[in-house]
Amino acid sequence: MNKTWKIIRTVLIFAVLAAGVVAYFLYLSNKSSSGTEEPTAAQTDSEGNAKNSKVTALTSRDLTLNYPGTPRAVLTYYSDLLVVLYKENYGTDEFNEICDHLRGLFDEELLEKNPYDTYRGMLWNEVQAYKSVNRFVSAYVLEDSYNEKHQTLLGREYAMIDIKYIVMENGSMAPRTYEKFTLRKDDEGKWKILFWVNSSPEEMEE
């Protein structure tokens, strides 16, 4: 009797385990065939729109804890932000995040000359003007590091670097834009963008 009961109990246990395994695989099958999952709050903005992963990858950087360490690194991050700003689609919240991170790279003097609302408005209008004619920044090139210029004035360190921006319009390459950036090291040792001016191919050596 005891032997028969042990056999029955063993069979029941295996039957329950087998049923659990089958139920789990049916759950996974239904989950994968039901399409994409509902986006979570972290994947949507305040308007309920899905966030752009390329924008999120850049704006998730905490500039307080992870600020670029060199002038070239600052301009690389700045230019990466410009590419997604002009090229990608995103919501208002993400635009504001890009704007905040761009300003996070600015010298205090540049920030004073460009109050937040003024800067944001000008940037928004410029981006919309680009998008209206299917124009965007597709890539960029920093000049070679050995051409990077450094100097010290009144005890402050400065760096000058040229960048070439490659712009596309309606599927064709538009005239390239050349800009010369001047950065200044602040009291915390961080390189911040002080200003930039239009440059030329002759001034830039790649």
# chains A, B, ... in the order shown; residues from 1 in each chain; ligands from 1

$ residues_around --residues "Tyr158 (chain A)" --least-positions-apart "6" --cutoff "10 Å" --atoms "only C-alpha atoms" --output "VMD selection string"
chain A and resid 71 149 to 152 182 to 186 191 to 194

$ write_last_selection --atoms "N, CA, C and O atoms" --output "mmCIF file, in the first residue's frame"
data_model
loop_
_atom_site.group_PDB
_atom_site.id
_atom_site.type_symbol
_atom_site.label_atom_id
_atom_site.label_comp_id
_atom_site.auth_asym_id
_atom_site.auth_seq_id
_atom_site.Cartn_x
_atom_site.Cartn_y
_atom_site.Cartn_z
ATOM 1 N N PRO A 71 39.145 69.473 -23.888
ATOM 2 C CA PRO A 71 38.423 70.328 -24.844
ATOM 3 C C PRO A 71 37.819 69.533 -25.996
ATOM 4 O O PRO A 71 36.685 69.778 -26.404
ATOM 5 N N LYS A 149 45.013 74.496 -30.502
ATOM 6 C CA LYS A 149 45.815 75.589 -29.960
ATOM 7 C C LYS A 149 45.439 75.863 -28.497
ATOM 8 O O LYS A 149 44.262 75.863 -28.134
ATOM 9 N N HIS A 150 46.466 76.109 -27.689
ATOM 10 C CA HIS A 150 46.265 76.443 -26.269
ATOM 11 C C HIS A 150 47.034 77.708 -25.938
ATOM 12 O O HIS A 150 48.105 77.959 -26.481
ATOM 13 N N GLN A 151 46.473 78.491 -25.029
ATOM 14 C CA GLN A 151 47.190 79.656 -24.543
ATOM 15 C C GLN A 151 46.642 80.057 -23.178
ATOM 16 O O GLN A 151 45.541 79.658 -22.805
ATOM 17 N N THR A 152 47.434 80.833 -22.452
ATOM 18 C CA THR A 152 47.043 81.303 -21.126
ATOM 19 C C THR A 152 47.006 82.826 -21.131
ATOM 20 O O THR A 152 47.965 83.474 -21.554
ATOM 21 N N THR A 182 36.216 78.402 -29.031
ATOM 22 C CA THR A 182 37.156 78.764 -27.975
ATOM 23 C C THR A 182 36.580 78.292 -26.648
ATOM 24 O O THR A 182 35.436 78.606 -26.312
ATOM 25 N N LEU A 183 37.361 77.521 -25.922
ATOM 26 C CA LEU A 183 36.946 77.011 -24.626
ATOM 27 C C LEU A 183 37.840 77.579 -23.534
ATOM 28 O O LEU A 183 39.010 77.917 -23.791
ATOM 29 N N ARG A 184 37.300 77.675 -22.332
ATOM 30 C CA ARG A 184 38.065 78.197 -21.208
ATOM 31 C C ARG A 184 37.890 77.268 -20.007
ATOM 32 O O ARG A 184 36.791 76.793 -19.740
ATOM 33 N N LYS A 185 38.980 77.015 -19.315
ATOM 34 C CA LYS A 185 38.912 76.146 -18.140
ATOM 35 C C LYS A 185 38.392 76.952 -16.948
ATOM 36 O O LYS A 185 38.881 78.049 -16.656
ATOM 37 N N ASP A 186 37.365 76.404 -16.260
ATOM 38 C CA ASP A 186 36.777 77.138 -15.133
ATOM 39 C C ASP A 186 37.509 76.824 -13.831
ATOM 40 O O ASP A 186 38.530 76.115 -13.812
ATOM 41 N N TRP A 191 36.593 72.242 -18.819
ATOM 42 C CA TRP A 191 36.647 73.049 -20.037
ATOM 43 C C TRP A 191 35.230 73.396 -20.478
ATOM 44 O O TRP A 191 34.419 72.522 -20.729
ATOM 45 N N LYS A 192 34.946 74.703 -20.588
ATOM 46 C CA LYS A 192 33.624 75.174 -20.983
ATOM 47 C C LYS A 192 33.718 75.996 -22.267
ATOM 48 O O LYS A 192 34.704 76.695 -22.518
ATOM 49 N N ILE A 193 32.678 75.914 -23.084
ATOM 50 C CA ILE A 193 32.629 76.658 -24.349
ATOM 51 C C ILE A 193 32.395 78.129 -24.056
ATOM 52 O O ILE A 193 31.382 78.506 -23.455
ATOM 53 N N LEU A 194 33.330 78.970 -24.484
ATOM 54 C CA LEU A 194 33.232 80.413 -24.253
ATOM 55 C C LEU A 194 32.518 81.105 -25.412
ATOM 56 O O LEU A 194 31.641 81.936 -25.203
#

$ residues_around --residues "Leu81 (chain A)" --least-positions-apart "6" --cutoff "10 Å" --atoms "only C-alpha atoms" --output "number ranges by chain"
A: 54-55, 58-59, 75, 87, 98-99, 101-102

$ residues_around --residues "region 129-142 of chain A" --least-positions-apart "6" --cutoff "7 Å" --atoms "only C-alpha atoms" --output "list of chain:residue names"
A:Val83, A:Tyr86, A:Lys87, A:Asp162, A:Ile163, A:Lys164, A:Tyr165, A:Ile166, A:Val167, A:Met168, A:Glu169, A:Asn170

$ write_last_selection --atoms "all heavy atoms" --output "compact mmCIF listing (two decimals), in the first residue's frame"
# COMPACT_ATOMS: atom_id res chain seq x y z
N VAL A 83 23.93 66.78 -33.57
CA VAL A 83 23.49 65.84 -34.60
C VAL A 83 22.09 65.33 -34.29
O VAL A 83 21.21 65.33 -35.17
CB VAL A 83 24.49 64.67 -34.75
CG1 VAL A 83 23.91 63.58 -35.64
CG2 VAL A 83 25.81 65.17 -35.34
N TYR A 86 19.30 68.17 -34.65
CA TYR A 86 18.85 68.54 -35.99
C TYR A 86 18.34 67.35 -36.81
O TYR A 86 17.52 67.54 -37.71
CB TYR A 86 20.00 69.21 -36.75
CG TYR A 86 20.30 70.61 -36.28
CD1 TYR A 86 21.28 70.86 -35.34
CD2 TYR A 86 19.57 71.70 -36.77
CE1 TYR A 86 21.56 72.14 -34.90
CE2 TYR A 86 19.84 72.98 -36.34
CZ TYR A 86 20.83 73.20 -35.39
OH TYR A 86 21.08 74.47 -34.95
N LYS A 87 18.80 66.15 -36.48
CA LYS A 87 18.50 65.01 -37.33
C LYS A 87 17.33 64.17 -36.83
O LYS A 87 16.55 63.63 -37.63
CB LYS A 87 19.74 64.12 -37.44
CG LYS A 87 19.60 62.97 -38.43
CD LYS A 87 20.92 62.22 -38.54
CE LYS A 87 20.83 61.09 -39.55
NZ LYS A 87 22.12 60.34 -39.66
N ASP A 162 38.89 73.85 -34.35
CA ASP A 162 37.98 74.00 -35.49
C ASP A 162 37.19 72.71 -35.70
O ASP A 162 37.73 71.61 -35.51
CB ASP A 162 38.77 74.32 -36.76
CG ASP A 162 39.25 75.76 -36.78
OD1 ASP A 162 38.49 76.61 -37.25
OD2 ASP A 162 40.39 76.01 -36.33
N ILE A 163 35.95 72.85 -36.13
CA ILE A 163 35.09 71.71 -36.43
C ILE A 163 34.42 71.92 -37.78
O ILE A 163 33.97 73.03 -38.09
CB ILE A 163 34.01 71.49 -35.36
CG1 ILE A 163 34.63 71.31 -33.98
CG2 ILE A 163 33.14 70.28 -35.70
CD1 ILE A 163 33.61 71.09 -32.88
N LYS A 164 34.36 70.84 -38.55
CA LYS A 164 33.62 70.86 -39.81
C LYS A 164 32.32 70.09 -39.60
O LYS A 164 32.33 68.93 -39.18
CB LYS A 164 34.44 70.20 -40.92
CG LYS A 164 33.68 70.02 -42.23
CD LYS A 164 34.59 69.47 -43.31
CE LYS A 164 35.05 68.06 -43.00
NZ LYS A 164 35.91 67.50 -44.05
N TYR A 165 31.19 70.73 -39.90
CA TYR A 165 29.89 70.07 -39.80
C TYR A 165 29.38 69.75 -41.20
O TYR A 165 29.35 70.62 -42.08
CB TYR A 165 28.89 70.97 -39.08
CG TYR A 165 29.18 71.10 -37.60
CD1 TYR A 165 29.80 72.24 -37.09
CD2 TYR A 165 28.86 70.07 -36.72
CE1 TYR A 165 30.09 72.35 -35.74
CE2 TYR A 165 29.14 70.18 -35.37
CZ TYR A 165 29.76 71.31 -34.88
OH TYR A 165 30.05 71.42 -33.54
N ILE A 166 29.01 68.50 -41.40
CA ILE A 166 28.49 68.04 -42.68
C ILE A 166 26.97 68.11 -42.64
O ILE A 166 26.33 67.48 -41.78
CB ILE A 166 28.96 66.61 -42.98
CG1 ILE A 166 30.50 66.60 -43.04
CG2 ILE A 166 28.36 66.10 -44.30
CD1 ILE A 166 31.10 65.22 -43.08
N VAL A 167 26.40 68.89 -43.55
CA VAL A 167 24.96 69.15 -43.54
C VAL A 167 24.32 68.55 -44.80
O VAL A 167 24.86 68.67 -45.90
CB VAL A 167 24.67 70.67 -43.50
CG1 VAL A 167 23.18 70.95 -43.50
CG2 VAL A 167 25.33 71.28 -42.25
N MET A 168 23.20 67.90 -44.62
CA MET A 168 22.44 67.32 -45.73
C MET A 168 21.13 68.09 -45.90
O MET A 168 20.54 68.57 -44.93
CB MET A 168 22.13 65.85 -45.46
CG MET A 168 23.34 64.97 -45.22
SD MET A 168 24.41 64.84 -46.67
CE MET A 168 23.33 63.91 -47.78
N GLU A 169 20.69 68.22 -47.15
CA GLU A 169 19.42 68.88 -47.43
C GLU A 169 18.74 68.16 -48.59
O GLU A 169 19.29 68.08 -49.69
CB GLU A 169 19.63 70.35 -47.77
CG GLU A 169 18.33 71.11 -47.97
CD GLU A 169 18.52 72.61 -48.09
OE1 GLU A 169 19.58 73.11 -47.64
OE2 GLU A 169 17.62 73.28 -48.62
N ASN A 170 17.55 67.63 -48.32
CA ASN A 170 16.78 66.89 -49.33
C ASN A 170 17.61 65.78 -49.98
O ASN A 170 17.56 65.57 -51.19
CB ASN A 170 16.25 67.85 -50.39
CG ASN A 170 15.14 68.74 -49.86
OD1 ASN A 170 14.29 68.29 -49.09
ND2 ASN A 170 15.16 70.00 -50.25

$ closest_residue --among "A:Leu82, A:Leu105, A:Leu123, A:Ile161" --to "Leu63 (chain A)" --atoms "only C-alpha atoms"
A:Leu105

$ closest_residue --among "A:Gly121, A:Gly69, A:Pro175, A:Gly91" --to "Asn52 (chain A)" --atoms "only C-alpha atoms"
A:Gly91

$ atom_distance --atom1 "CA of Asp62 (chain A)" --atom2 "CA of Asp187 (chain A)"
19.1 Å

$ closest_residue --among "A:Asp107, A:Ala73, A:Lys51, A:Tyr116" --to "Tyr90 (chain A)" --atoms "only C-alpha atoms"
A:Lys51

$ atom_distance --atom1 "CA of Met173 (chain A)" --atom2 "CA of Thr76 (chain A)"
21.5 Å

$ residues_around --residues "Asp117 (chain A)" --least-positions-apart "4" --cutoff "12 Å" --atoms "only C-alpha atoms" --output "VMD selection string"
chain A and resid 96 99 to 100 103 111 to 113 121 to 124

$ select_by_dssp --residues "region 148-192 of chain A" --states "strand (DSSP E)" --output "number ranges by chain"
A: 149-153, 156-169, 172-173, 177-185, 191-192

$ atom_distance --atom1 "CA of Glu108 (chain A)" --atom2 "CA of Arg156 (chain A)"
13.8 Å

$ decode --residues "region 71-99 of chain A" --atoms "N, CA, C and O atoms" --output "PDB file, in the first residue's frame"
ATOM      1  N   PRO A  71      39.145  69.473 -23.888  1.00  0.00           N
ATOM      2  CA  PRO A  71      38.423  70.328 -24.844  1.00  0.00           C
ATOM      3  C   PRO A  71      37.819  69.533 -25.996  1.00  0.00           C
ATOM      4  O   PRO A  71      36.685  69.778 -26.404  1.00  0.00           O
ATOM      5  N   ARG A  72      38.568  68.558 -26.523  1.00  0.00           N
ATOM      6  CA  ARG A  72      38.060  67.747 -27.629  1.00  0.00           C
ATOM      7  C   ARG A  72      36.873  66.899 -27.186  1.00  0.00           C
ATOM      8  O   ARG A  72      35.914  66.718 -27.936  1.00  0.00           O
ATOM      9  N   ALA A  73      36.932  66.374 -25.979  1.00  0.00           N
ATOM     10  CA  ALA A  73      35.816  65.569 -25.472  1.00  0.00           C
ATOM     11  C   ALA A  73      34.567  66.426 -25.285  1.00  0.00           C
ATOM     12  O   ALA A  73      33.450  65.979 -25.540  1.00  0.00           O
ATOM     13  N   VAL A  74      34.762  67.664 -24.838  1.00  0.00           N
ATOM     14  CA  VAL A  74      33.629  68.583 -24.681  1.00  0.00           C
ATOM     15  C   VAL A  74      32.959  68.841 -26.027  1.00  0.00           C
ATOM     16  O   VAL A  74      31.734  68.751 -26.166  1.00  0.00           O
ATOM     17  N   LEU A  75      33.773  69.120 -27.045  1.00  0.00           N
ATOM     18  CA  LEU A  75      33.219  69.434 -28.360  1.00  0.00           C
ATOM     19  C   LEU A  75      32.664  68.197 -29.059  1.00  0.00           C
ATOM     20  O   LEU A  75      31.740  68.304 -29.860  1.00  0.00           O
ATOM     21  N   THR A  76      33.212  67.042 -28.763  1.00  0.00           N
ATOM     22  CA  THR A  76      32.651  65.806 -29.311  1.00  0.00           C
ATOM     23  C   THR A  76      31.249  65.584 -28.757  1.00  0.00           C
ATOM     24  O   THR A  76      30.316  65.274 -29.506  1.00  0.00           O
ATOM     25  N   TYR A  77      31.100  65.743 -27.454  1.00  0.00           N
ATOM     26  CA  TYR A  77      29.783  65.574 -26.836  1.00  0.00           C
ATOM     27  C   TYR A  77      28.820  66.662 -27.325  1.00  0.00           C
ATOM     28  O   TYR A  77      27.656  66.381 -27.644  1.00  0.00           O
ATOM     29  N   TYR A  78      29.290  67.885 -27.411  1.00  0.00           N
ATOM     30  CA  TYR A  78      28.475  68.992 -27.908  1.00  0.00           C
ATOM     31  C   TYR A  78      27.978  68.698 -29.327  1.00  0.00           C
ATOM     32  O   TYR A  78      26.791  68.875 -29.638  1.00  0.00           O
ATOM     33  N   SER A  79      28.877  68.221 -30.181  1.00  0.00           N
ATOM     34  CA  SER A  79      28.515  67.949 -31.569  1.00  0.00           C
ATOM     35  C   SER A  79      27.590  66.741 -31.688  1.00  0.00           C
ATOM     36  O   SER A  79      26.710  66.714 -32.554  1.00  0.00           O
ATOM     37  N   ASP A  80      27.777  65.751 -30.831  1.00  0.00           N
ATOM     38  CA  ASP A  80      26.848  64.618 -30.809  1.00  0.00           C
ATOM     39  C   ASP A  80      25.432  65.098 -30.483  1.00  0.00           C
ATOM     40  O   ASP A  80      24.450  64.624 -31.068  1.00  0.00           O
ATOM     41  N   LEU A  81      25.333  66.026 -29.547  1.00  0.00           N
ATOM     42  CA  LEU A  81      24.027  66.598 -29.202  1.00  0.00           C
ATOM     43  C   LEU A  81      23.433  67.357 -30.393  1.00  0.00           C
ATOM     44  O   LEU A  81      22.234  67.262 -30.656  1.00  0.00           O
ATOM     45  N   LEU A  82      24.270  68.087 -31.118  1.00  0.00           N
ATOM     46  CA  LEU A  82      23.782  68.836 -32.282  1.00  0.00           C
ATOM     47  C   LEU A  82      23.252  67.902 -33.361  1.00  0.00           C
ATOM     48  O   LEU A  82      22.228  68.189 -33.991  1.00  0.00           O
ATOM     49  N   VAL A  83      23.933  66.782 -33.569  1.00  0.00           N
ATOM     50  CA  VAL A  83      23.491  65.844 -34.603  1.00  0.00           C
ATOM     51  C   VAL A  83      22.090  65.328 -34.291  1.00  0.00           C
ATOM     52  O   VAL A  83      21.208  65.330 -35.165  1.00  0.00           O
ATOM     53  N   VAL A  84      21.848  64.881 -33.057  1.00  0.00           N
ATOM     54  CA  VAL A  84      20.507  64.369 -32.726  1.00  0.00           C
ATOM     55  C   VAL A  84      19.489  65.509 -32.696  1.00  0.00           C
ATOM     56  O   VAL A  84      18.320  65.319 -33.040  1.00  0.00           O
ATOM     57  N   LEU A  85      19.941  66.698 -32.313  1.00  0.00           N
ATOM     58  CA  LEU A  85      19.043  67.846 -32.251  1.00  0.00           C
ATOM     59  C   LEU A  85      18.457  68.164 -33.624  1.00  0.00           C
ATOM     60  O   LEU A  85      17.249  68.395 -33.763  1.00  0.00           O
ATOM     61  N   TYR A  86      19.299  68.168 -34.651  1.00  0.00           N
ATOM     62  CA  TYR A  86      18.852  68.541 -35.990  1.00  0.00           C
ATOM     63  C   TYR A  86      18.339  67.355 -36.807  1.00  0.00           C
ATOM     64  O   TYR A  86      17.525  67.542 -37.708  1.00  0.00           O
ATOM     65  N   LYS A  87      18.804  66.154 -36.479  1.00  0.00           N
ATOM     66  CA  LYS A  87      18.501  65.006 -37.330  1.00  0.00           C
ATOM     67  C   LYS A  87      17.327  64.167 -36.833  1.00  0.00           C
ATOM     68  O   LYS A  87      16.548  63.632 -37.634  1.00  0.00           O
ATOM     69  N   GLU A  88      17.174  64.038 -35.516  1.00  0.00           N
ATOM     70  CA  GLU A  88      16.198  63.117 -34.956  1.00  0.00           C
ATOM     71  C   GLU A  88      14.840  63.772 -34.706  1.00  0.00           C
ATOM     72  O   GLU A  88      14.717  65.005 -34.684  1.00  0.00           O
ATOM     73  N   ASN A  89      13.845  62.937 -34.501  1.00  0.00           N
ATOM     74  CA  ASN A  89      12.520  63.394 -34.078  1.00  0.00           C
ATOM     75  C   ASN A  89      12.360  63.127 -32.591  1.00  0.00           C
ATOM     76  O   ASN A  89      12.793  62.082 -32.083  1.00  0.00           O
ATOM     77  N   TYR A  90      11.734  64.051 -31.887  1.00  0.00           N
ATOM     78  CA  TYR A  90      11.604  63.943 -30.437  1.00  0.00           C
ATOM     79  C   TYR A  90      10.502  64.880 -29.960  1.00  0.00           C
ATOM     80  O   TYR A  90       9.985  65.710 -30.719  1.00  0.00           O
ATOM     81  N   GLY A  91      10.158  64.747 -28.688  1.00  0.00           N
ATOM     82  CA  GLY A  91       9.122  65.588 -28.095  1.00  0.00           C
ATOM     83  C   GLY A  91       9.706  66.828 -27.439  1.00  0.00           C
ATOM     84  O   GLY A  91      10.925  67.026 -27.391  1.00  0.00           O
ATOM     85  N   THR A  92       8.826  67.663 -26.901  1.00  0.00           N
ATOM     86  CA  THR A  92       9.252  68.909 -26.263  1.00  0.00           C
ATOM     87  C   THR A  92      10.151  68.655 -25.063  1.00  0.00           C
ATOM     88  O   THR A  92      11.154  69.357 -24.862  1.00  0.00           O
ATOM     89  N   ASP A  93       9.811  67.656 -24.259  1.00  0.00           N
ATOM     90  CA  ASP A  93      10.635  67.348 -23.087  1.00  0.00           C
ATOM     91  C   ASP A  93      12.060  66.997 -23.492  1.00  0.00           C
ATOM     92  O   ASP A  93      13.029  67.438 -22.861  1.00  0.00           O
ATOM     93  N   GLU A  94      12.193  66.202 -24.550  1.00  0.00           N
ATOM     94  CA  GLU A  94      13.525  65.800 -24.995  1.00  0.00           C
ATOM     95  C   GLU A  94      14.292  66.981 -25.582  1.00  0.00           C
ATOM     96  O   GLU A  94      15.511  67.085 -25.399  1.00  0.00           O
ATOM     97  N   PHE A  95      13.583  67.868 -26.276  1.00  0.00           N
ATOM     98  CA  PHE A  95      14.244  69.076 -26.772  1.00  0.00           C
ATOM     99  C   PHE A  95      14.805  69.876 -25.600  1.00  0.00           C
ATOM    100  O   PHE A  95      15.945  70.361 -25.650  1.00  0.00           O
ATOM    101  N   ASN A  96      14.017  70.011 -24.544  1.00  0.00           N
ATOM    102  CA  ASN A  96      14.468  70.747 -23.368  1.00  0.00           C
ATOM    103  C   ASN A  96      15.682  70.083 -22.728  1.00  0.00           C
ATOM    104  O   ASN A  96      16.604  70.774 -22.255  1.00  0.00           O
ATOM    105  N   GLU A  97      15.707  68.751 -22.718  1.00  0.00           N
ATOM    106  CA  GLU A  97      16.839  68.034 -22.150  1.00  0.00           C
ATOM    107  C   GLU A  97      18.108  68.270 -22.973  1.00  0.00           C
ATOM    108  O   GLU A  97      19.199  68.452 -22.420  1.00  0.00           O
ATOM    109  N   ILE A  98      17.958  68.255 -24.305  1.00  0.00           N
ATOM    110  CA  ILE A  98      19.112  68.543 -25.165  1.00  0.00           C
ATOM    111  C   ILE A  98      19.611  69.960 -24.901  1.00  0.00           C
ATOM    112  O   ILE A  98      20.817  70.202 -24.758  1.00  0.00           O
ATOM    113  N   CYS A  99      18.677  70.886 -24.829  1.00  0.00           N
ATOM    114  CA  CYS A  99      19.019  72.288 -24.578  1.00  0.00           C
ATOM    115  C   CYS A  99      19.769  72.427 -23.252  1.00  0.00           C
ATOM    116  O   CYS A  99      20.783  73.122 -23.164  1.00  0.00           O
TER     117      CYS A  99
END
